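Structure below is data.cif: mmCIF, N, CA and C atoms.
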data_my_file
loop_
_atom_site.label_atom_id
_atom_site.label_comp_id
_atom_site.auth_asym_id
_atom_site.auth_seq_id
_atom_site.Cartn_x
_atom_site.Cartn_y
_atom_site.Cartn_z
N MET M 1 -12.01 11.60 -12.39
CA MET M 1 -12.59 12.82 -12.89
C MET M 1 -13.58 13.39 -11.87
N LEU M 2 -14.38 12.54 -11.30
CA LEU M 2 -15.37 12.99 -10.32
C LEU M 2 -14.68 13.63 -9.11
N ARG M 3 -13.59 13.00 -8.68
CA ARG M 3 -12.83 13.55 -7.55
C ARG M 3 -12.36 14.96 -7.87
N GLU M 4 -11.83 15.16 -9.06
CA GLU M 4 -11.35 16.48 -9.46
C GLU M 4 -12.49 17.48 -9.59
N LEU M 5 -13.60 17.04 -10.18
CA LEU M 5 -14.75 17.92 -10.33
C LEU M 5 -15.27 18.41 -8.97
N LYS M 6 -15.16 17.53 -7.97
CA LYS M 6 -15.62 17.90 -6.63
C LYS M 6 -14.55 18.64 -5.84
N GLY M 7 -13.34 18.75 -6.41
CA GLY M 7 -12.29 19.54 -5.78
C GLY M 7 -11.48 18.83 -4.71
N PHE M 8 -11.49 17.49 -4.74
CA PHE M 8 -10.73 16.73 -3.76
C PHE M 8 -9.39 16.31 -4.35
N SER M 9 -8.36 16.30 -3.53
CA SER M 9 -7.05 15.82 -3.97
C SER M 9 -6.95 14.32 -3.75
N GLN M 10 -6.02 13.70 -4.45
CA GLN M 10 -5.76 12.28 -4.21
C GLN M 10 -5.31 12.07 -2.77
N ASP M 11 -4.50 12.99 -2.27
CA ASP M 11 -4.02 12.88 -0.89
C ASP M 11 -5.16 12.87 0.11
N SER M 12 -6.14 13.74 -0.08
CA SER M 12 -7.23 13.82 0.90
C SER M 12 -8.09 12.56 0.88
N ILE M 13 -8.37 12.03 -0.30
CA ILE M 13 -9.16 10.80 -0.38
C ILE M 13 -8.36 9.63 0.19
N ALA M 14 -7.08 9.56 -0.18
CA ALA M 14 -6.23 8.48 0.33
C ALA M 14 -6.17 8.52 1.85
N SER M 15 -6.07 9.72 2.40
CA SER M 15 -6.03 9.87 3.86
C SER M 15 -7.32 9.36 4.49
N ASP M 16 -8.46 9.71 3.89
CA ASP M 16 -9.76 9.21 4.38
C ASP M 16 -9.81 7.69 4.37
N LEU M 17 -9.19 7.09 3.36
CA LEU M 17 -9.23 5.64 3.19
C LEU M 17 -8.16 4.93 4.01
N GLY M 18 -7.21 5.70 4.53
CA GLY M 18 -6.13 5.10 5.31
C GLY M 18 -5.10 4.40 4.44
N ILE M 19 -4.93 4.91 3.21
CA ILE M 19 -3.94 4.34 2.29
C ILE M 19 -3.04 5.45 1.77
N SER M 20 -2.00 5.09 1.07
CA SER M 20 -1.08 6.09 0.52
C SER M 20 -1.69 6.73 -0.73
N GLN M 21 -1.17 7.89 -1.07
CA GLN M 21 -1.61 8.56 -2.29
C GLN M 21 -1.29 7.69 -3.50
N GLN M 22 -0.14 7.01 -3.47
CA GLN M 22 0.24 6.14 -4.58
C GLN M 22 -0.74 4.98 -4.73
N ALA M 23 -1.19 4.42 -3.62
CA ALA M 23 -2.17 3.34 -3.67
C ALA M 23 -3.49 3.83 -4.25
N PHE M 24 -3.90 5.04 -3.85
CA PHE M 24 -5.15 5.58 -4.39
C PHE M 24 -5.00 5.92 -5.87
N ARG M 25 -3.84 6.41 -6.28
CA ARG M 25 -3.59 6.71 -7.68
C ARG M 25 -3.79 5.45 -8.52
N LYS M 26 -3.32 4.30 -8.01
CA LYS M 26 -3.47 3.04 -8.73
C LYS M 26 -4.94 2.63 -8.83
N ILE M 27 -5.70 2.92 -7.79
CA ILE M 27 -7.15 2.63 -7.83
C ILE M 27 -7.79 3.48 -8.92
N GLU M 28 -7.48 4.78 -8.91
CA GLU M 28 -8.05 5.68 -9.92
C GLU M 28 -7.67 5.28 -11.34
N ALA M 29 -6.43 4.84 -11.50
CA ALA M 29 -5.94 4.47 -12.83
C ALA M 29 -6.44 3.10 -13.28
N GLY M 30 -7.15 2.40 -12.39
CA GLY M 30 -7.67 1.08 -12.73
C GLY M 30 -6.61 -0.01 -12.64
N GLU M 31 -5.48 0.31 -12.03
CA GLU M 31 -4.40 -0.67 -11.87
C GLU M 31 -4.65 -1.58 -10.67
N THR M 32 -5.48 -1.13 -9.74
CA THR M 32 -5.83 -1.91 -8.56
C THR M 32 -7.34 -2.08 -8.52
N LYS M 33 -7.79 -3.29 -8.47
CA LYS M 33 -9.22 -3.58 -8.38
C LYS M 33 -9.66 -3.43 -6.93
N ILE M 34 -10.91 -3.00 -6.76
CA ILE M 34 -11.44 -2.79 -5.40
C ILE M 34 -12.74 -3.56 -5.22
N ASP M 35 -13.07 -3.82 -3.96
CA ASP M 35 -14.34 -4.48 -3.67
C ASP M 35 -15.39 -3.41 -3.35
N LEU M 36 -16.62 -3.85 -3.13
CA LEU M 36 -17.71 -2.91 -2.87
C LEU M 36 -17.50 -2.11 -1.58
N ASP M 37 -16.89 -2.73 -0.59
CA ASP M 37 -16.63 -2.02 0.66
C ASP M 37 -15.70 -0.84 0.42
N ARG M 38 -14.64 -1.06 -0.34
CA ARG M 38 -13.69 0.02 -0.65
C ARG M 38 -14.38 1.08 -1.52
N ALA M 39 -15.17 0.63 -2.49
CA ALA M 39 -15.90 1.57 -3.35
C ALA M 39 -16.84 2.43 -2.51
N ASN M 40 -17.50 1.83 -1.53
CA ASN M 40 -18.40 2.57 -0.66
C ASN M 40 -17.63 3.61 0.15
N LYS M 41 -16.44 3.26 0.63
CA LYS M 41 -15.62 4.21 1.39
C LYS M 41 -15.16 5.36 0.51
N ILE M 42 -14.83 5.06 -0.76
CA ILE M 42 -14.45 6.12 -1.70
C ILE M 42 -15.65 7.04 -1.93
N ALA M 43 -16.82 6.46 -2.12
CA ALA M 43 -18.04 7.26 -2.32
C ALA M 43 -18.27 8.19 -1.13
N GLN M 44 -18.13 7.66 0.08
CA GLN M 44 -18.32 8.48 1.28
C GLN M 44 -17.30 9.61 1.32
N SER M 45 -16.06 9.33 0.94
CA SER M 45 -15.03 10.36 0.93
C SER M 45 -15.36 11.47 -0.08
N LEU M 46 -16.05 11.08 -1.15
CA LEU M 46 -16.46 12.05 -2.17
C LEU M 46 -17.82 12.67 -1.85
N GLN M 47 -18.34 12.34 -0.68
CA GLN M 47 -19.64 12.85 -0.22
C GLN M 47 -20.77 12.43 -1.16
N LEU M 48 -20.72 11.15 -1.54
CA LEU M 48 -21.73 10.56 -2.42
C LEU M 48 -22.22 9.26 -1.81
N ASP M 49 -23.33 8.76 -2.33
CA ASP M 49 -23.69 7.40 -1.99
C ASP M 49 -23.08 6.49 -3.06
N LEU M 50 -22.98 5.22 -2.75
CA LEU M 50 -22.32 4.27 -3.65
C LEU M 50 -22.98 4.24 -5.02
N GLU M 51 -24.29 4.29 -5.06
CA GLU M 51 -25.00 4.25 -6.34
C GLU M 51 -24.61 5.42 -7.24
N SER M 52 -24.48 6.61 -6.66
CA SER M 52 -24.09 7.78 -7.45
C SER M 52 -22.68 7.62 -8.01
N LEU M 53 -21.79 7.03 -7.22
CA LEU M 53 -20.43 6.81 -7.69
C LEU M 53 -20.42 5.79 -8.83
N ILE M 54 -21.14 4.69 -8.64
CA ILE M 54 -21.16 3.64 -9.65
C ILE M 54 -21.82 4.12 -10.94
N ASN M 55 -22.88 4.91 -10.81
CA ASN M 55 -23.63 5.38 -11.98
C ASN M 55 -23.16 6.73 -12.50
N PHE M 56 -21.98 7.17 -12.08
CA PHE M 56 -21.45 8.46 -12.50
C PHE M 56 -21.41 8.56 -14.02
N GLN M 57 -22.00 9.62 -14.55
CA GLN M 57 -21.97 9.90 -15.98
C GLN M 57 -21.31 11.26 -16.17
N PRO M 58 -20.11 11.30 -16.75
CA PRO M 58 -19.40 12.57 -16.91
C PRO M 58 -20.24 13.66 -17.57
N ALA M 59 -21.04 13.30 -18.55
CA ALA M 59 -21.83 14.31 -19.28
C ALA M 59 -22.77 15.05 -18.35
N ASN M 60 -23.30 14.38 -17.34
CA ASN M 60 -24.22 15.03 -16.42
C ASN M 60 -23.53 16.11 -15.59
N TYR M 61 -22.26 15.89 -15.30
CA TYR M 61 -21.51 16.87 -14.53
C TYR M 61 -20.90 17.93 -15.42
N LEU M 62 -20.36 17.50 -16.56
CA LEU M 62 -19.67 18.44 -17.44
C LEU M 62 -20.62 19.37 -18.15
N ASN M 63 -21.83 18.91 -18.43
CA ASN M 63 -22.80 19.72 -19.15
C ASN M 63 -23.88 20.31 -18.25
N ASN M 64 -23.85 19.96 -16.96
CA ASN M 64 -24.84 20.45 -16.01
C ASN M 64 -26.25 20.15 -16.50
N CYS M 65 -26.48 18.90 -16.92
CA CYS M 65 -27.78 18.49 -17.44
C CYS M 65 -28.79 18.41 -16.30
N THR M 66 -30.03 18.70 -16.63
CA THR M 66 -31.10 18.57 -15.66
C THR M 66 -32.16 17.65 -16.24
N GLN M 67 -33.04 17.16 -15.39
CA GLN M 67 -34.10 16.28 -15.87
C GLN M 67 -35.07 17.01 -16.78
N SER M 68 -35.12 18.32 -16.68
CA SER M 68 -36.05 19.08 -17.53
C SER M 68 -35.56 19.16 -18.96
N GLY M 69 -34.32 18.71 -19.20
CA GLY M 69 -33.78 18.76 -20.55
C GLY M 69 -32.98 20.01 -20.82
N VAL M 70 -32.94 20.93 -19.87
CA VAL M 70 -32.17 22.16 -20.05
C VAL M 70 -30.70 21.83 -19.85
N VAL M 71 -29.90 22.24 -20.79
CA VAL M 71 -28.47 21.96 -20.72
C VAL M 71 -27.70 23.27 -20.72
N ASN M 72 -26.87 23.44 -19.73
CA ASN M 72 -25.98 24.60 -19.66
C ASN M 72 -24.56 24.10 -19.84
N THR M 73 -24.05 24.17 -21.06
CA THR M 73 -22.75 23.60 -21.35
C THR M 73 -21.65 24.45 -20.75
N ASN M 74 -20.72 23.79 -20.07
CA ASN M 74 -19.53 24.47 -19.58
C ASN M 74 -18.66 24.81 -20.77
N ASN M 75 -18.15 26.00 -20.82
CA ASN M 75 -17.23 26.38 -21.87
C ASN M 75 -15.80 26.18 -21.45
N PHE M 76 -15.58 25.70 -20.23
CA PHE M 76 -14.23 25.51 -19.73
C PHE M 76 -14.09 24.13 -19.12
N LEU M 77 -13.16 23.40 -19.65
CA LEU M 77 -12.78 22.12 -19.06
C LEU M 77 -11.27 22.17 -18.86
N SER M 78 -10.82 21.76 -17.71
CA SER M 78 -9.39 21.78 -17.48
C SER M 78 -8.70 20.83 -18.44
N GLU M 79 -7.47 21.15 -18.76
CA GLU M 79 -6.69 20.29 -19.66
C GLU M 79 -6.59 18.88 -19.11
N LYS M 80 -6.47 18.77 -17.79
CA LYS M 80 -6.34 17.45 -17.17
C LYS M 80 -7.62 16.62 -17.39
N LEU M 81 -8.78 17.25 -17.25
CA LEU M 81 -10.04 16.54 -17.48
C LEU M 81 -10.18 16.13 -18.94
N ILE M 82 -9.77 17.01 -19.84
CA ILE M 82 -9.83 16.70 -21.27
C ILE M 82 -8.92 15.52 -21.57
N GLU M 83 -7.71 15.53 -21.00
CA GLU M 83 -6.79 14.41 -21.21
C GLU M 83 -7.38 13.11 -20.67
N GLN M 84 -8.02 13.17 -19.50
CA GLN M 84 -8.63 11.97 -18.93
C GLN M 84 -9.74 11.44 -19.84
N LEU M 85 -10.55 12.35 -20.35
CA LEU M 85 -11.63 11.93 -21.25
C LEU M 85 -11.06 11.31 -22.52
N GLU M 86 -10.01 11.92 -23.05
CA GLU M 86 -9.39 11.39 -24.26
C GLU M 86 -8.80 10.01 -24.00
N ARG M 87 -8.20 9.81 -22.82
CA ARG M 87 -7.66 8.48 -22.48
C ARG M 87 -8.77 7.46 -22.36
N GLN M 88 -9.88 7.86 -21.74
CA GLN M 88 -11.02 6.94 -21.60
C GLN M 88 -11.56 6.55 -22.97
N VAL M 89 -11.66 7.51 -23.89
CA VAL M 89 -12.14 7.22 -25.24
C VAL M 89 -11.18 6.27 -25.93
N GLU M 90 -9.88 6.50 -25.78
CA GLU M 90 -8.88 5.62 -26.39
C GLU M 90 -8.99 4.19 -25.85
N ILE M 91 -9.12 4.07 -24.54
CA ILE M 91 -9.25 2.74 -23.92
C ILE M 91 -10.52 2.05 -24.40
N LEU M 92 -11.62 2.77 -24.40
CA LEU M 92 -12.88 2.18 -24.85
C LEU M 92 -12.83 1.80 -26.32
N SER M 93 -12.14 2.59 -27.11
CA SER M 93 -11.99 2.29 -28.52
C SER M 93 -11.20 1.00 -28.72
N LYS M 94 -10.13 0.84 -27.94
CA LYS M 94 -9.33 -0.39 -28.01
C LYS M 94 -10.16 -1.59 -27.55
N ASP M 95 -10.94 -1.40 -26.49
CA ASP M 95 -11.81 -2.47 -26.01
C ASP M 95 -12.82 -2.87 -27.09
N LEU M 96 -13.39 -1.88 -27.74
CA LEU M 96 -14.37 -2.16 -28.80
C LEU M 96 -13.72 -2.95 -29.94
N ASP M 97 -12.51 -2.55 -30.34
CA ASP M 97 -11.80 -3.29 -31.39
C ASP M 97 -11.56 -4.73 -30.96
N PHE M 98 -11.14 -4.91 -29.71
CA PHE M 98 -10.89 -6.26 -29.19
C PHE M 98 -12.16 -7.11 -29.26
N PHE M 99 -13.28 -6.55 -28.80
CA PHE M 99 -14.52 -7.32 -28.78
C PHE M 99 -15.04 -7.59 -30.20
N LYS M 100 -14.83 -6.66 -31.10
CA LYS M 100 -15.21 -6.91 -32.49
C LYS M 100 -14.40 -8.08 -33.05
N ASN M 101 -13.11 -8.09 -32.74
CA ASN M 101 -12.24 -9.17 -33.19
C ASN M 101 -12.69 -10.50 -32.59
N GLN M 102 -12.97 -10.50 -31.30
CA GLN M 102 -13.43 -11.73 -30.64
C GLN M 102 -14.75 -12.20 -31.23
N ASN M 103 -15.64 -11.28 -31.51
CA ASN M 103 -16.93 -11.61 -32.10
C ASN M 103 -16.74 -12.23 -33.48
N ALA M 104 -15.84 -11.67 -34.28
CA ALA M 104 -15.58 -12.20 -35.62
C ALA M 104 -15.03 -13.62 -35.51
N LYS M 105 -14.14 -13.86 -34.55
CA LYS M 105 -13.58 -15.21 -34.36
C LYS M 105 -14.67 -16.19 -33.95
N LEU M 106 -15.55 -15.77 -33.05
CA LEU M 106 -16.64 -16.64 -32.61
C LEU M 106 -17.59 -16.96 -33.77
N LEU M 107 -17.90 -15.95 -34.56
CA LEU M 107 -18.78 -16.18 -35.70
C LEU M 107 -18.14 -17.13 -36.71
N GLU M 108 -16.82 -16.99 -36.88
CA GLU M 108 -16.11 -17.89 -37.77
C GLU M 108 -16.16 -19.32 -37.26
N LEU M 109 -15.93 -19.49 -35.94
CA LEU M 109 -15.99 -20.82 -35.35
C LEU M 109 -17.38 -21.41 -35.48
N LEU M 110 -18.40 -20.62 -35.24
CA LEU M 110 -19.78 -21.11 -35.33
C LEU M 110 -20.14 -21.45 -36.77
N GLY M 111 -19.58 -20.73 -37.72
CA GLY M 111 -19.85 -20.99 -39.13
C GLY M 111 -19.21 -22.27 -39.63
N ASN M 112 -18.13 -22.70 -38.96
CA ASN M 112 -17.43 -23.91 -39.36
C ASN M 112 -18.05 -25.17 -38.77
N LYS M 113 -19.02 -25.03 -37.90
CA LYS M 113 -19.61 -26.22 -37.25
C LYS M 113 -20.86 -26.64 -37.96
#
Same coordinates, now as structure tokens:
Amino acid sequence: MLRELKGFSQDSIASDLGISQQAFRKIEAGETKIDLDRANKIAQSLQLDLESLINFQPANYLNNCTQSGVVNTNNFLSEKLIEQLERQVEILSKDLDFFKNQNAKLLELLGNK
């Protein structure tokens, strides 16, 4: 999402990294795990420091939030960004269900001891 918000293509970032667009697509999709060195190179390609990339908060970019508390909400989000946000919510929701289930199992095990 950050790459799109900044107007970079997958091809341009992949080229900066010396990898194929398909390889970068897998990184973006979370199918390929990366180390800090690769993350730092991605941050540089996005003209960011590593901390900004790691601490990226979509709301700060999508709502143009400032430290003063003034919020200028964008009335336009591309369909692709909306789809990405919806996918992220779905994934996080599934993760939450999984962890709730694991927590219930752990509590059950602890209750039986």
Atom pair CA of Ile91 (chain M) / atom N of Ile13 (chain M): separation (Å): 25.4 Å
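If you look at CA of Ile42 (chain M) and CA of Leu96 (chain M), they are 28.3 Å away from each other.
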field: Nearby residues (only C-alpha atoms) at most 10 Å from region 52-54 of chain M, same-chain spacing under 6 positions excluded, as an NGL selection string
entry: :M and (2 or 39-40 or 42-44 or 46)
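CA of Leu81 (chain M) is positioned 17.8 Å from CA of Phe24 (chain M).
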message: Please expand the PyMOL selection byres ((chain M and resi 10) around 7) into the concrete residues it hits in this file, giving the result as a ChimeraX atom specification.
response: /M:8-9,11-15,20-21,24-25
query: Looking only at the backbone, which of the residues in chain M does DSSP tag as alpha helix (DSSP H), as a PyMOL selection string?
result: chain M and resi 2-5+10-17+21-28+36-45+50-54+58-62+79-111
